[in-house]
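Participant: Sharing a structure, written as structure tokens. Questions coming.
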Amino acid sequence: MGAELCSECGSALAAHQRYCLICGARAGQRSPQLLALLDHLGEDSEPEVLVTAGAPGASAPAADPRPRASGLRLPSRPVSALLIAGFLGFGVALGGAAGSRVPDTLAASVAPLKLVLGAQSSPSADTPTPAASEPEAGESEPPPAEEQPTPAPAASTPVATAPTSPAKAKAETGAPPASAPSTKLPAIKHVFVIMLSEQPYAAVFGPEAKASYLAHTLERRGTLLVRYDAVAHGGLADELALLSGQGPTGETSANCPAYGDIAPATPAADGQILGNGCVYPSATKTLADQLSAGHRSWRAYVQGLGEAGQAAACAHPQAGQADPSAAPGAGGSPYATFRNPFVYFHSLTDSGACASDDLGLGALHGDLASAKRTPSLSYIVPDRCHDGNPTPCSPGAPAGMAPADAFLAQVVPQILAAKAYKQNGLLVITVDQAPASGEFADSSSCCSQPSYPNLPAGEAGVGHGGGTVGALLLSPFLKGAVTSQEPYNHFSLLRTIEDLFKLKHLGYAALPAVKPLEAALFSATKHG
């Protein structure tokens with residue numbers, strides 16, 4: 001005997017199948033339980049009496065052509081109605097959970113369907129790849145449209161046509177298309193670095209930080225690098241690393257107690273200079289040398305220099321002399337030589353560049369007056385009374401982050417208001433190192449830190465860094481109130497600045513493990 005067929009669509013039906021799976025037509029009798037329940041809902045309001053066959057005094061009930069379940073006692077009509085409503089509601093809820101939501105379906109989509117097509121063939125080795133054009137200053141190239149998975153079209157949905165242009169998509173939908181993260185650093189032309197001293201991350205940027213202007217006002221406007229590390233202990237060693245990519249020596253780790261040349265100054269792998277001492281030979285180049293060679297400008301603005309009664313520009317001890325400012329807890333002048341890394345390179349001190357561009361803080365205000373006068377690199381150094389160091393600059397003087405925060409509240413607004421910053425600037429506020437001892441001692445490191453050849457083996461390498469200090473970035477190209485968990489260090493910042501100005505990577509900044517700041521940190525267009 002052949003399979004039973006649906007009377008509506010002719011599809012084959014299985015045995016005891018009550019509904020056609022193709023068209024939904026009824027193909028069999030309702031279940032006895034459902035018939036009894038529906039019949040009960042249609043009866044009058046008289047109480048139901050359960051009659052058992054053979055009971056004394058019972059009369060035989062009228063014949064009912066529909067089968068009833070033996071011994072079934074049906075609830076009252078209100079209860080039956082509630083049960084049916086509950087079953088229906090459960091079915092709707094179950095279907096809603098299992099199915100797709102209406103806005104997520106293809107039919108509900110307002111935007112035109114895009115079809116992302118792969119390349120027909122990969123270019124051969126002989127086929128030149130066109131180079132990306134560099135944006136002009138203050139401009140940024142539009143990011144590529146974000147690739148989105150194309151849902152399978154329904155039977156009635158036509159095949160998608162070529163992708164819609166961003167301008168046409170905006171005209172049709174009223175909103176610009178989503179943009180992919182940028183893979184290219186923006187056209188930043190002016191970098192400002194403010195270097196504080198010897199504080200752990202929690203004291204500078206953490207929720208308990210005493211620097212309210214920095215940790216609250218400025219953090220809301222910038223991007224915070226929470227895993228930014230110093231590369232060594234010794235403030236001078238970290239400052240030299242940021243300026244030249246050089247690892248520490250025993251003397252720079254101690255802030256150069258005696259101002260003397262590095263000897264024997266043997267060139268080694270990774271652009272390092274081997275020896276003992278503090279002052280690098282003229283062949284060792286710095287970021288300042290690179291900028292000058294590329295016809296760009298730099299200046300250091302060091303508080304405590306150049307003013308009446310203060311040290312002259314590019315101040316440093318004579319060769320071979322002791323530097324009293326390097327002694328722990330040394331008082332006297334608020335200027336400390338080791339806080340001014342530019343004076344430790346013969347390439348700068350012997351050429352006259354240091355004398356002309358290593359100036360006091362007072363010169364900053366005038367240079368910010370116009371974008372043309374503002375250097376490509378501005379390195380700003382608070383004096384020992386305002387750099388955040390926990391050691392007072394003189395007995396009884398305030399120390400730590402409170403005076404440093406007051407310094408920032410005075411200097412940073414000048415930078416943010418400058419035309420050079422507003423057009424294409426980047427401000428970085430960071431710390432040279434975390435404390436090497438005491439309650440908040442931190443010697444952590446990141447980024448596959450190398451073993452420094454000028455230090456004993458037990459004092460160099462991973463786990464013997466300068467600790468986590470953090471860094472705050474502010475720029476018209478950056479969104480505010482953003483944090484990044486990516487690991488960076490002083491070598492990363494040097495590499496980033498070199499990439500911004502298309503310079504060669506110096507020293508350890510050229511290591512493959514050292515990555516520049518991610519381009520994705522920067523927004524595609526400037527904001528106010």
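Residues are referred to by chain and number: the chain letter is A, B, ... according to the order shown in the structure tokens, the number counts from 1 in that chain, and ligands are numbered separately from 1 in the order shown.
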So that I can see what lies close to Pro341 in chain A, please list as a list in words the residues with an atom at most 7 Å from it, counting only C-alpha atoms and leaving out residues fewer than 4 positions away in the same chain.
Facilitator: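 Here the qualifying residues turn out to be Leu236, Glu239 and Leu240 of chain A.
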Participant: Tell me which protein, DNA and RNA residues are within 6 Å of Arg227 in chain A, counting only C-alpha atoms, leaving out same-chain ones fewer than 6 positions away, and put them as a PDB file with N, CA and C atoms, in the first residue's frame.
Facilitator:
ATOM      1  N   GLY A 470      53.246  53.899  33.485  1.00  0.00           N
ATOM      2  CA  GLY A 470      52.112  54.458  32.770  1.00  0.00           C
ATOM      3  C   GLY A 470      52.494  55.656  31.908  1.00  0.00           C
ATOM      4  N   GLN A 485      45.561  48.397  27.227  1.00  0.00           N
ATOM      5  CA  GLN A 485      46.267  47.368  27.980  1.00  0.00           C
ATOM      6  C   GLN A 485      47.472  46.822  27.221  1.00  0.00           C
ATOM      7  N   PRO A 487      51.227  46.367  26.032  1.00  0.00           N
ATOM      8  CA  PRO A 487      52.498  46.679  26.690  1.00  0.00           C
ATOM      9  C   PRO A 487      53.390  47.572  25.827  1.00  0.00           C
TER      10      PRO A 487
END
Participant: To one decimal place, how far is CA of Leu506 in chain A from CA of Pro267 in chain A in Å?
Facilitator: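 Interatomic distance here is 13.2 Å.
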Participant: Using Å and a single decimal, report how far CA of Ala263 in chain A sits from CA of Ser244 in chain A.
Facilitator: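 Between these atoms lies a distance of 17.6 Å.
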Participant: Smallest atom-to-atom distance to Asp432 in chain A: which of A:Ala312, A:Ala513, A:Leu478, A:Val381, using only C-alpha atoms?
Facilitator: A:Val381
Participant: Kindly give the distance, in Å, that separates CA of Ala319 in chain A and CA of Tyr344 in chain A, rounded to a single decimal.
Facilitator: 10.7 Å
Participant: Considering only C-alpha atoms, can you say which of A:Gly304, A:Gly425, A:Gly466, A:Pro392 comes closest to Gly360 in chain A?
Facilitator: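 Once distances to Gly360 in chain A are computed over only C-alpha atoms, the minimum belongs to A:Gly304.
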Participant: Quick one: contact table of range 340-429 of chain A to range 200-214 of chain A, 7 Å max, nearest atom pair and distance in Å to one decimal per residue, counting only C-alpha atoms, chain and number order, as JSON lines?
Facilitator:
{"residue": "A:Met401", "atom": "CA", "partner": "A:Ala211", "partner_atom": "CA", "distance": 5.7}
{"residue": "A:Ala402", "atom": "CA", "partner": "A:Ala211", "partner_atom": "CA", "distance": 5.8}
{"residue": "A:Asp405", "atom": "CA", "partner": "A:Ala211", "partner_atom": "CA", "distance": 5.1}
{"residue": "A:Ala409", "atom": "CA", "partner": "A:Tyr213", "partner_atom": "CA", "distance": 6.5}
Participant: Can you pull out the residues contacting Leu274 in chain A? Cut-off 8 Å, using only C-alpha atoms, and skip same-chain residues under 4 positions away; I want them as a list of chain:residue names.
Facilitator: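 Neighbouring residues, sequence-local ones excluded: A:Ile262, A:Ala263, A:Pro264, A:Ala265, A:Thr266, A:Pro267, A:Ala268, A:Pro453, A:Asn454.
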Participant: Kindly save the residues from that selection, with all heavy atoms included, as a PDB file, in the first residue's frame.
Facilitator:
ATOM      1  N   ILE A 262      82.211  57.627  28.389  1.00  0.00           N
ATOM      2  CA  ILE A 262      82.136  56.174  28.366  1.00  0.00           C
ATOM      3  C   ILE A 262      83.402  55.633  27.699  1.00  0.00           C
ATOM      4  O   ILE A 262      83.806  56.083  26.624  1.00  0.00           O
ATOM      5  CB  ILE A 262      80.880  55.704  27.597  1.00  0.00           C
ATOM      6  CG1 ILE A 262      79.613  56.094  28.369  1.00  0.00           C
ATOM      7  CG2 ILE A 262      80.913  54.196  27.378  1.00  0.00           C
ATOM      8  CD1 ILE A 262      78.324  55.724  27.663  1.00  0.00           C
ATOM      9  N   ALA A 263      84.026  54.675  28.336  1.00  0.00           N
ATOM     10  CA  ALA A 263      85.243  54.076  27.802  1.00  0.00           C
ATOM     11  C   ALA A 263      85.176  52.557  28.036  1.00  0.00           C
ATOM     12  O   ALA A 263      84.657  52.124  29.070  1.00  0.00           O
ATOM     13  CB  ALA A 263      86.480  54.677  28.481  1.00  0.00           C
ATOM     14  N   PRO A 264      85.639  51.770  27.093  1.00  0.00           N
ATOM     15  CA  PRO A 264      86.333  52.154  25.856  1.00  0.00           C
ATOM     16  C   PRO A 264      85.402  52.582  24.719  1.00  0.00           C
ATOM     17  O   PRO A 264      85.884  52.845  23.604  1.00  0.00           O
ATOM     18  CB  PRO A 264      87.060  50.864  25.488  1.00  0.00           C
ATOM     19  CG  PRO A 264      86.192  49.769  25.994  1.00  0.00           C
ATOM     20  CD  PRO A 264      85.603  50.289  27.262  1.00  0.00           C
ATOM     21  N   ALA A 265      84.084  52.599  24.922  1.00  0.00           N
ATOM     22  CA  ALA A 265      83.126  53.043  23.894  1.00  0.00           C
ATOM     23  C   ALA A 265      83.217  52.201  22.635  1.00  0.00           C
ATOM     24  O   ALA A 265      83.367  52.712  21.519  1.00  0.00           O
ATOM     25  CB  ALA A 265      83.348  54.524  23.574  1.00  0.00           C
ATOM     26  N   THR A 266      83.123  50.900  22.822  1.00  0.00           N
ATOM     27  CA  THR A 266      83.219  49.958  21.700  1.00  0.00           C
ATOM     28  C   THR A 266      81.842  49.721  21.089  1.00  0.00           C
ATOM     29  O   THR A 266      80.891  49.361  21.799  1.00  0.00           O
ATOM     30  CB  THR A 266      83.779  48.614  22.184  1.00  0.00           C
ATOM     31  OG1 THR A 266      85.028  48.835  22.850  1.00  0.00           O
ATOM     32  CG2 THR A 266      83.963  47.647  21.026  1.00  0.00           C
ATOM     33  N   PRO A 267      81.692  49.916  19.791  1.00  0.00           N
ATOM     34  CA  PRO A 267      80.389  49.617  19.158  1.00  0.00           C
ATOM     35  C   PRO A 267      80.079  48.126  19.251  1.00  0.00           C
ATOM     36  O   PRO A 267      80.972  47.285  19.120  1.00  0.00           O
ATOM     37  CB  PRO A 267      80.589  50.061  17.701  1.00  0.00           C
ATOM     38  CG  PRO A 267      81.751  51.008  17.741  1.00  0.00           C
ATOM     39  CD  PRO A 267      82.638  50.520  18.842  1.00  0.00           C
ATOM     40  N   ALA A 268      78.821  47.810  19.490  1.00  0.00           N
ATOM     41  CA  ALA A 268      78.403  46.417  19.642  1.00  0.00           C
ATOM     42  C   ALA A 268      77.074  46.200  18.934  1.00  0.00           C
ATOM     43  O   ALA A 268      76.548  47.100  18.262  1.00  0.00           O
ATOM     44  CB  ALA A 268      78.307  46.055  21.125  1.00  0.00           C
ATOM     45  N   PRO A 453      74.305  44.735  28.033  1.00  0.00           N
ATOM     46  CA  PRO A 453      75.689  44.242  28.107  1.00  0.00           C
ATOM     47  C   PRO A 453      76.572  45.033  29.069  1.00  0.00           C
ATOM     48  O   PRO A 453      77.609  44.517  29.508  1.00  0.00           O
ATOM     49  CB  PRO A 453      76.187  44.380  26.668  1.00  0.00           C
ATOM     50  CG  PRO A 453      75.319  45.440  26.060  1.00  0.00           C
ATOM     51  CD  PRO A 453      73.987  45.295  26.708  1.00  0.00           C
ATOM     52  N   ASN A 454      76.207  46.265  29.400  1.00  0.00           N
ATOM     53  CA  ASN A 454      77.043  47.073  30.301  1.00  0.00           C
ATOM     54  C   ASN A 454      76.714  46.874  31.764  1.00  0.00           C
ATOM     55  O   ASN A 454      77.331  47.511  32.628  1.00  0.00           O
ATOM     56  CB  ASN A 454      76.906  48.561  29.956  1.00  0.00           C
ATOM     57  CG  ASN A 454      77.576  48.908  28.632  1.00  0.00           C
ATOM     58  OD1 ASN A 454      78.643  48.385  28.313  1.00  0.00           O
ATOM     59  ND2 ASN A 454      76.940  49.765  27.857  1.00  0.00           N
TER      60      ASN A 454
END
Participant: Which residues come within 9 Å of Ala241 in chain A, counting only C-alpha atoms, excluding same-chain residues fewer than 4 positions away, as a PyMOL selection string?
Facilitator: chain A and resi 231-232+236-237+245-248+490-491+494+507-509
Participant: Please write the residues from the selection above to a file, keeping all heavy atoms, as an mmCIF file, in the first residue's frame.
Facilitator:
data_model
loop_
_atom_site.group_PDB
_atom_site.id
_atom_site.type_symbol
_atom_site.label_atom_id
_atom_site.label_comp_id
_atom_site.auth_asym_id
_atom_site.auth_seq_id
_atom_site.Cartn_x
_atom_site.Cartn_y
_atom_site.Cartn_z
ATOM 1 N N VAL A 231 62.489 51.158 31.380
ATOM 2 C CA VAL A 231 63.349 50.078 30.878
ATOM 3 C C VAL A 231 64.521 49.770 31.792
ATOM 4 O O VAL A 231 65.257 48.805 31.553
ATOM 5 C CB VAL A 231 63.869 50.407 29.457
ATOM 6 C CG1 VAL A 231 62.701 50.545 28.486
ATOM 7 C CG2 VAL A 231 64.722 51.671 29.456
ATOM 8 N N ALA A 232 64.739 50.566 32.825
ATOM 9 C CA ALA A 232 65.863 50.344 33.728
ATOM 10 C C ALA A 232 65.609 51.114 35.012
ATOM 11 O O ALA A 232 64.683 51.930 35.087
ATOM 12 C CB ALA A 232 67.179 50.794 33.089
ATOM 13 N N LEU A 236 68.323 58.693 34.914
ATOM 14 C CA LEU A 236 69.130 59.072 33.762
ATOM 15 C C LEU A 236 69.171 57.952 32.732
ATOM 16 O O LEU A 236 69.064 58.215 31.525
ATOM 17 C CB LEU A 236 70.548 59.434 34.210
ATOM 18 C CG LEU A 236 71.539 59.760 33.087
ATOM 19 C CD1 LEU A 236 71.063 60.942 32.259
ATOM 20 C CD2 LEU A 236 72.934 60.017 33.665
ATOM 21 N N ALA A 237 69.307 56.710 33.173
ATOM 22 C CA ALA A 237 69.355 55.578 32.238
ATOM 23 C C ALA A 237 68.085 55.520 31.399
ATOM 24 O O ALA A 237 68.138 55.256 30.191
ATOM 25 C CB ALA A 237 69.561 54.276 33.006
ATOM 26 N N GLY A 245 67.983 55.118 22.526
ATOM 27 C CA GLY A 245 67.896 53.673 22.398
ATOM 28 C C GLY A 245 69.028 52.935 23.056
ATOM 29 O O GLY A 245 69.163 51.710 22.878
ATOM 30 N N GLN A 246 69.867 53.631 23.820
ATOM 31 C CA GLN A 246 70.985 52.993 24.509
ATOM 32 C C GLN A 246 70.527 52.358 25.819
ATOM 33 O O GLN A 246 69.678 52.910 26.528
ATOM 34 C CB GLN A 246 72.085 54.013 24.802
ATOM 35 C CG GLN A 246 72.790 54.550 23.574
ATOM 36 C CD GLN A 246 73.610 53.484 22.859
ATOM 37 O OE1 GLN A 246 74.271 52.659 23.491
ATOM 38 N NE2 GLN A 246 73.573 53.500 21.523
ATOM 39 N N GLY A 247 71.090 51.193 26.126
ATOM 40 C CA GLY A 247 70.858 50.573 27.414
ATOM 41 C C GLY A 247 71.705 51.239 28.486
ATOM 42 O O GLY A 247 72.599 52.043 28.201
ATOM 43 N N PRO A 248 71.457 50.927 29.747
ATOM 44 C CA PRO A 248 72.166 51.592 30.837
ATOM 45 C C PRO A 248 73.604 51.092 30.996
ATOM 46 O O PRO A 248 73.950 49.982 30.588
ATOM 47 C CB PRO A 248 71.332 51.217 32.064
ATOM 48 C CG PRO A 248 70.712 49.906 31.700
ATOM 49 C CD PRO A 248 70.436 49.977 30.225
ATOM 50 N N HIS A 490 59.781 52.747 27.152
ATOM 51 C CA HIS A 490 60.437 53.944 26.616
ATOM 52 C C HIS A 490 60.985 53.705 25.208
ATOM 53 O O HIS A 490 61.004 54.624 24.374
ATOM 54 C CB HIS A 490 61.571 54.380 27.550
ATOM 55 C CG HIS A 490 61.108 54.939 28.857
ATOM 56 N ND1 HIS A 490 59.971 55.699 28.981
ATOM 57 C CD2 HIS A 490 61.646 54.859 30.111
ATOM 58 C CE1 HIS A 490 59.818 56.064 30.248
ATOM 59 N NE2 HIS A 490 60.813 55.561 30.955
ATOM 60 N N PHE A 491 61.463 52.498 24.934
ATOM 61 C CA PHE A 491 61.919 52.200 23.575
ATOM 62 C C PHE A 491 60.760 52.276 22.585
ATOM 63 O O PHE A 491 60.936 52.699 21.440
ATOM 64 C CB PHE A 491 62.566 50.813 23.520
ATOM 65 C CG PHE A 491 63.828 50.683 24.332
ATOM 66 C CD1 PHE A 491 64.027 49.577 25.152
ATOM 67 C CD2 PHE A 491 64.815 51.642 24.275
ATOM 68 C CE1 PHE A 491 65.181 49.441 25.902
ATOM 69 C CE2 PHE A 491 65.984 51.525 25.017
ATOM 70 C CZ PHE A 491 66.170 50.414 25.835
ATOM 71 N N LEU A 494 60.207 55.957 21.769
ATOM 72 C CA LEU A 494 61.239 56.425 20.834
ATOM 73 C C LEU A 494 60.927 55.935 19.420
ATOM 74 O O LEU A 494 60.992 56.719 18.451
ATOM 75 C CB LEU A 494 62.613 55.915 21.273
ATOM 76 C CG LEU A 494 63.772 56.129 20.287
ATOM 77 C CD1 LEU A 494 63.953 57.606 19.957
ATOM 78 C CD2 LEU A 494 65.064 55.520 20.834
ATOM 79 N N GLY A 507 69.319 52.171 18.284
ATOM 80 C CA GLY A 507 69.581 51.261 19.386
ATOM 81 C C GLY A 507 68.510 50.205 19.557
ATOM 82 O O GLY A 507 68.065 49.556 18.599
ATOM 83 N N TYR A 508 68.077 50.042 20.800
ATOM 84 C CA TYR A 508 67.094 49.003 21.112
ATOM 85 C C TYR A 508 65.696 49.331 20.588
ATOM 86 O O TYR A 508 64.824 48.459 20.612
ATOM 87 C CB TYR A 508 67.044 48.772 22.617
ATOM 88 C CG TYR A 508 68.234 48.007 23.159
ATOM 89 C CD1 TYR A 508 68.864 48.405 24.327
ATOM 90 C CD2 TYR A 508 68.717 46.881 22.500
ATOM 91 C CE1 TYR A 508 69.947 47.708 24.832
ATOM 92 C CE2 TYR A 508 69.802 46.173 22.992
ATOM 93 C CZ TYR A 508 70.418 46.582 24.159
ATOM 94 O OH TYR A 508 71.491 45.875 24.654
ATOM 95 N N ALA A 509 65.465 50.510 20.111
ATOM 96 C CA ALA A 509 64.169 50.816 19.490
ATOM 97 C C ALA A 509 63.984 50.050 18.193
ATOM 98 O O ALA A 509 62.859 49.927 17.699
ATOM 99 C CB ALA A 509 64.046 52.310 19.230
#
